[in-house]
Amino acid sequence: MLNLAGKNALVTGIANNRSIAWGIAQQLHKAGANLGVTYLPDEKGRFEKKVKELVEPLAPSIFLPCNVADDAQVGETFNAIAQQWGKIDILIHCLAFAGKEALSGDFSNVSRADFTQALEISTYSLTQLAAAAKPLMTEGGSIVTLTYLGGVKVIPNYNVMGIAKAGLEMSVRYLAAELGPNNIRVNAISAGPIRTLASSAVGGILDMIHHVEQVAPLRRTVTQMEVGNAAAFLCSDLASGITGQVLYVDAGYEIMGM
């Protein structure tokens, strides 16, 4: 049976109750994991308050700010985790960002600044957090990130994020090769389109969801909880032989040609 009792799981990227990270956090908690949650700090503390209230029923033992664009803060976050937990068993990476102007229009018009920002937040942050977690995964561990079909195929209004996700998927493979001797597994989940705060920046997201509902073998899209179930599986001993993989949780849409 799937059992994460005694495992320390750090979840990043929860923004609200529609976040895929929220679905993952709930399923990890249900499986018995001891949760830690990070949030994106802002000057008025709005994100902190919103996320803290949301995750309260899951009783996270760690609740810390972590802006991956700030190396010093990332270091402080993991130092605090080391002091309180001593070890990490599970790292959930659900971080991505690109400005709306970088997602629409001609891809060739993307600015250097927007391109750099998208890859820094959406791609590099996985390697950044994996490096910070590595010395704390003293008993092995599992790292799971979120990707999307737009990293391997052209999706309208996805543009620079497609490049970021392609880099993210390759990062999963390189990290899996590096960390495997330490019994640390690294995988990605490619979820179907879901209405989230992040996806709201993608033009035509509702049309994309409706298209998947018409074309996918299961004739529907997926839920945050279904992605959470897949993440819990990848983080458990049931997936002990799986690393460096992209698992599609998209109602089968990826297999279709038309």
# chains A, B, ... in the order shown; residues from 1 in each chain; ligands from 1
$ closest_atom_pairs --of "stretch 33-127 of chain A" --to "stretch 220-234 of chain A" --cutoff "10 Å" --atoms "only C-alpha atoms" --output "CSV"
residue,atom,partner,partner_atom,distance
A:Ala33,CA,A:Ala232,CA,9.5
A:Ile90,CA,A:Ala232,CA,9.7
A:Ile92,CA,A:Ala231,CA,8.4
$ closest_atom_pairs --of "stretch 48-87 of chain A" --to "stretch 138-150 of chain A" --cutoff "12 Å" --atoms "only C-alpha atoms" --output "JSON lines"
{"residue": "A:Ala82", "atom": "CA", "partner": "A:Thr138", "partner_atom": "CA", "distance": 11.2}
{"residue": "A:Trp85", "atom": "CA", "partner": "A:Thr138", "partner_atom": "CA", "distance": 11.7}
{"residue": "A:Gly86", "atom": "CA", "partner": "A:Thr138", "partner_atom": "CA", "distance": 9.0}
{"residue": "A:Lys87", "atom": "CA", "partner": "A:Thr138", "partner_atom": "CA", "distance": 6.4}
$ write_last_selection --atoms "N, CA, C and O atoms" --output "compact mmCIF listing (two decimals), in the first residue's frame"
# COMPACT_ATOMS: atom_id res chain seq x y z
N ALA A 82 16.86 22.25 7.71
CA ALA A 82 17.90 21.36 8.26
C ALA A 82 17.87 21.37 9.78
O ALA A 82 18.00 20.32 10.43
N TRP A 85 14.04 19.75 10.74
CA TRP A 85 13.77 18.38 10.31
C TRP A 85 15.01 17.49 10.32
O TRP A 85 14.91 16.30 10.58
N GLY A 86 16.14 18.06 9.95
CA GLY A 86 17.35 17.25 9.84
C GLY A 86 17.49 16.56 8.50
O GLY A 86 18.60 16.43 7.97
N LYS A 87 16.37 16.14 7.91
CA LYS A 87 16.41 15.49 6.61
C LYS A 87 15.15 15.80 5.82
O LYS A 87 14.11 16.15 6.38
$ atom_distance --atom1 "atom CA of A:Pro135" --atom2 "atom CA of A:Val11"
17.5 Å
$ residues_around --residues "stretch 241-258 of chain A" --least-positions-apart "5" --cutoff "7 Å" --atoms "only C-alpha atoms" --output "PyMOL selection string"
chain A and resi 172-173+176+185-192+212+215-218+220-222+227
$ write_last_selection --atoms "N, CA and C atoms" --output "compact mmCIF listing (two decimals), in the first residue's frame"
# COMPACT_ATOMS: atom_id res chain seq x y z
N VAL A 172 15.33 17.22 -15.48
CA VAL A 172 14.91 16.02 -14.73
C VAL A 172 15.84 14.86 -15.05
N ARG A 173 16.19 14.69 -16.32
CA ARG A 173 17.04 13.57 -16.72
C ARG A 173 18.47 13.72 -16.19
N ALA A 176 18.40 13.22 -12.46
CA ALA A 176 18.20 11.81 -12.13
C ALA A 176 19.51 11.03 -12.26
N ARG A 185 15.50 9.89 -6.46
CA ARG A 185 14.83 9.78 -7.75
C ARG A 185 14.24 11.13 -8.15
N VAL A 186 14.27 11.41 -9.45
CA VAL A 186 13.78 12.69 -9.97
C VAL A 186 12.85 12.40 -11.15
N ASN A 187 11.61 12.86 -11.04
CA ASN A 187 10.63 12.62 -12.09
C ASN A 187 9.77 13.85 -12.31
N ALA A 188 9.06 13.86 -13.42
CA ALA A 188 8.14 14.95 -13.74
C ALA A 188 6.76 14.39 -14.05
N ILE A 189 5.75 15.17 -13.75
CA ILE A 189 4.37 14.86 -14.14
C ILE A 189 3.94 15.89 -15.17
N SER A 190 3.50 15.39 -16.33
CA SER A 190 2.97 16.28 -17.36
C SER A 190 1.46 16.21 -17.26
N ALA A 191 0.87 17.21 -16.63
CA ALA A 191 -0.57 17.22 -16.38
C ALA A 191 -1.31 17.84 -17.55
N GLY A 192 -2.54 17.40 -17.74
CA GLY A 192 -3.40 18.03 -18.72
C GLY A 192 -3.76 19.42 -18.26
N VAL A 212 -9.54 19.19 -25.02
CA VAL A 212 -9.10 17.95 -24.38
C VAL A 212 -10.30 17.09 -24.01
N VAL A 215 -11.38 15.33 -27.17
CA VAL A 215 -10.43 14.49 -27.91
C VAL A 215 -9.76 13.42 -27.05
N ALA A 216 -9.47 13.69 -25.80
CA ALA A 216 -8.75 12.73 -24.95
C ALA A 216 -9.51 11.41 -24.85
N PRO A 217 -8.82 10.30 -24.80
CA PRO A 217 -9.48 9.00 -24.69
C PRO A 217 -10.51 8.93 -23.57
N LEU A 218 -10.25 9.56 -22.45
CA LEU A 218 -11.20 9.53 -21.34
C LEU A 218 -12.30 10.58 -21.47
N ARG A 220 -12.31 13.74 -21.04
CA ARG A 220 -12.33 14.73 -19.96
C ARG A 220 -10.92 15.19 -19.71
N THR A 221 -10.77 16.22 -18.92
CA THR A 221 -9.44 16.59 -18.45
C THR A 221 -9.25 16.00 -17.06
N VAL A 222 -8.19 16.35 -16.38
CA VAL A 222 -7.89 15.75 -15.08
C VAL A 222 -8.07 16.77 -13.97
N VAL A 227 -3.59 14.45 -10.20
CA VAL A 227 -2.16 14.74 -10.28
C VAL A 227 -1.50 14.48 -8.92
$ residues_around --residues "A:Leu35" --least-positions-apart "3" --cutoff "7 Å" --atoms "only C-alpha atoms" --output "list in words"
Asn8, Ala9, Leu10, His29, Pro60, Ser61 and Ile62 of chain A
$ select_by_dssp --residues "stretch 2-204 of chain A" --states "strand (DSSP E)" --output "count of residues only"
33
$ residues_around --residues "A:Gly167" --least-positions-apart "5" --cutoff "10 Å" --atoms "only C-alpha atoms" --output "MDAnalysis selection string"
chainID A and resid 119 122:124 147 151 161:162 172
$ write_last_selection --atoms "N, CA and C atoms" --output "short mmCIF file (atom, residue, chain, number, x, y, z; two decimals), in the first residue's frame"
data_model
loop_
_atom_site.label_atom_id
_atom_site.label_comp_id
_atom_site.auth_asym_id
_atom_site.auth_seq_id
_atom_site.Cartn_x
_atom_site.Cartn_y
_atom_site.Cartn_z
N LEU A 119 12.92 31.23 -17.79
CA LEU A 119 13.80 30.07 -17.57
C LEU A 119 14.39 30.05 -16.17
N SER A 122 11.14 29.06 -13.92
CA SER A 122 10.45 27.83 -14.29
C SER A 122 11.36 26.63 -14.48
N THR A 123 12.62 26.88 -14.80
CA THR A 123 13.54 25.79 -15.14
C THR A 123 14.70 25.68 -14.16
N TYR A 124 15.47 26.75 -14.04
CA TYR A 124 16.65 26.71 -13.18
C TYR A 124 16.27 26.40 -11.72
N THR A 147 5.44 19.53 -15.42
CA THR A 147 5.70 20.01 -16.77
C THR A 147 4.39 20.00 -17.55
N GLY A 151 6.05 21.55 -23.69
CA GLY A 151 7.50 21.41 -23.69
C GLY A 151 8.01 20.50 -24.79
N MET A 161 7.16 29.63 -22.41
CA MET A 161 7.00 28.61 -21.37
C MET A 161 7.25 27.22 -21.93
N GLY A 162 6.99 27.03 -23.23
CA GLY A 162 7.32 25.75 -23.85
C GLY A 162 8.81 25.48 -23.82
N VAL A 172 15.33 17.22 -15.48
CA VAL A 172 14.91 16.02 -14.73
C VAL A 172 15.84 14.86 -15.05
#
$ closest_residue --among "A:Pro181, A:Pro193, A:Gly13, A:Gly6" --to "A:Leu91" --atoms "only C-alpha atoms"
A:Gly13
$ closest_residue --among "A:Lys153, A:Lys100, A:Lys7, A:Arg219" --to "A:Asn34" --atoms "only C-alpha atoms"
A:Lys7
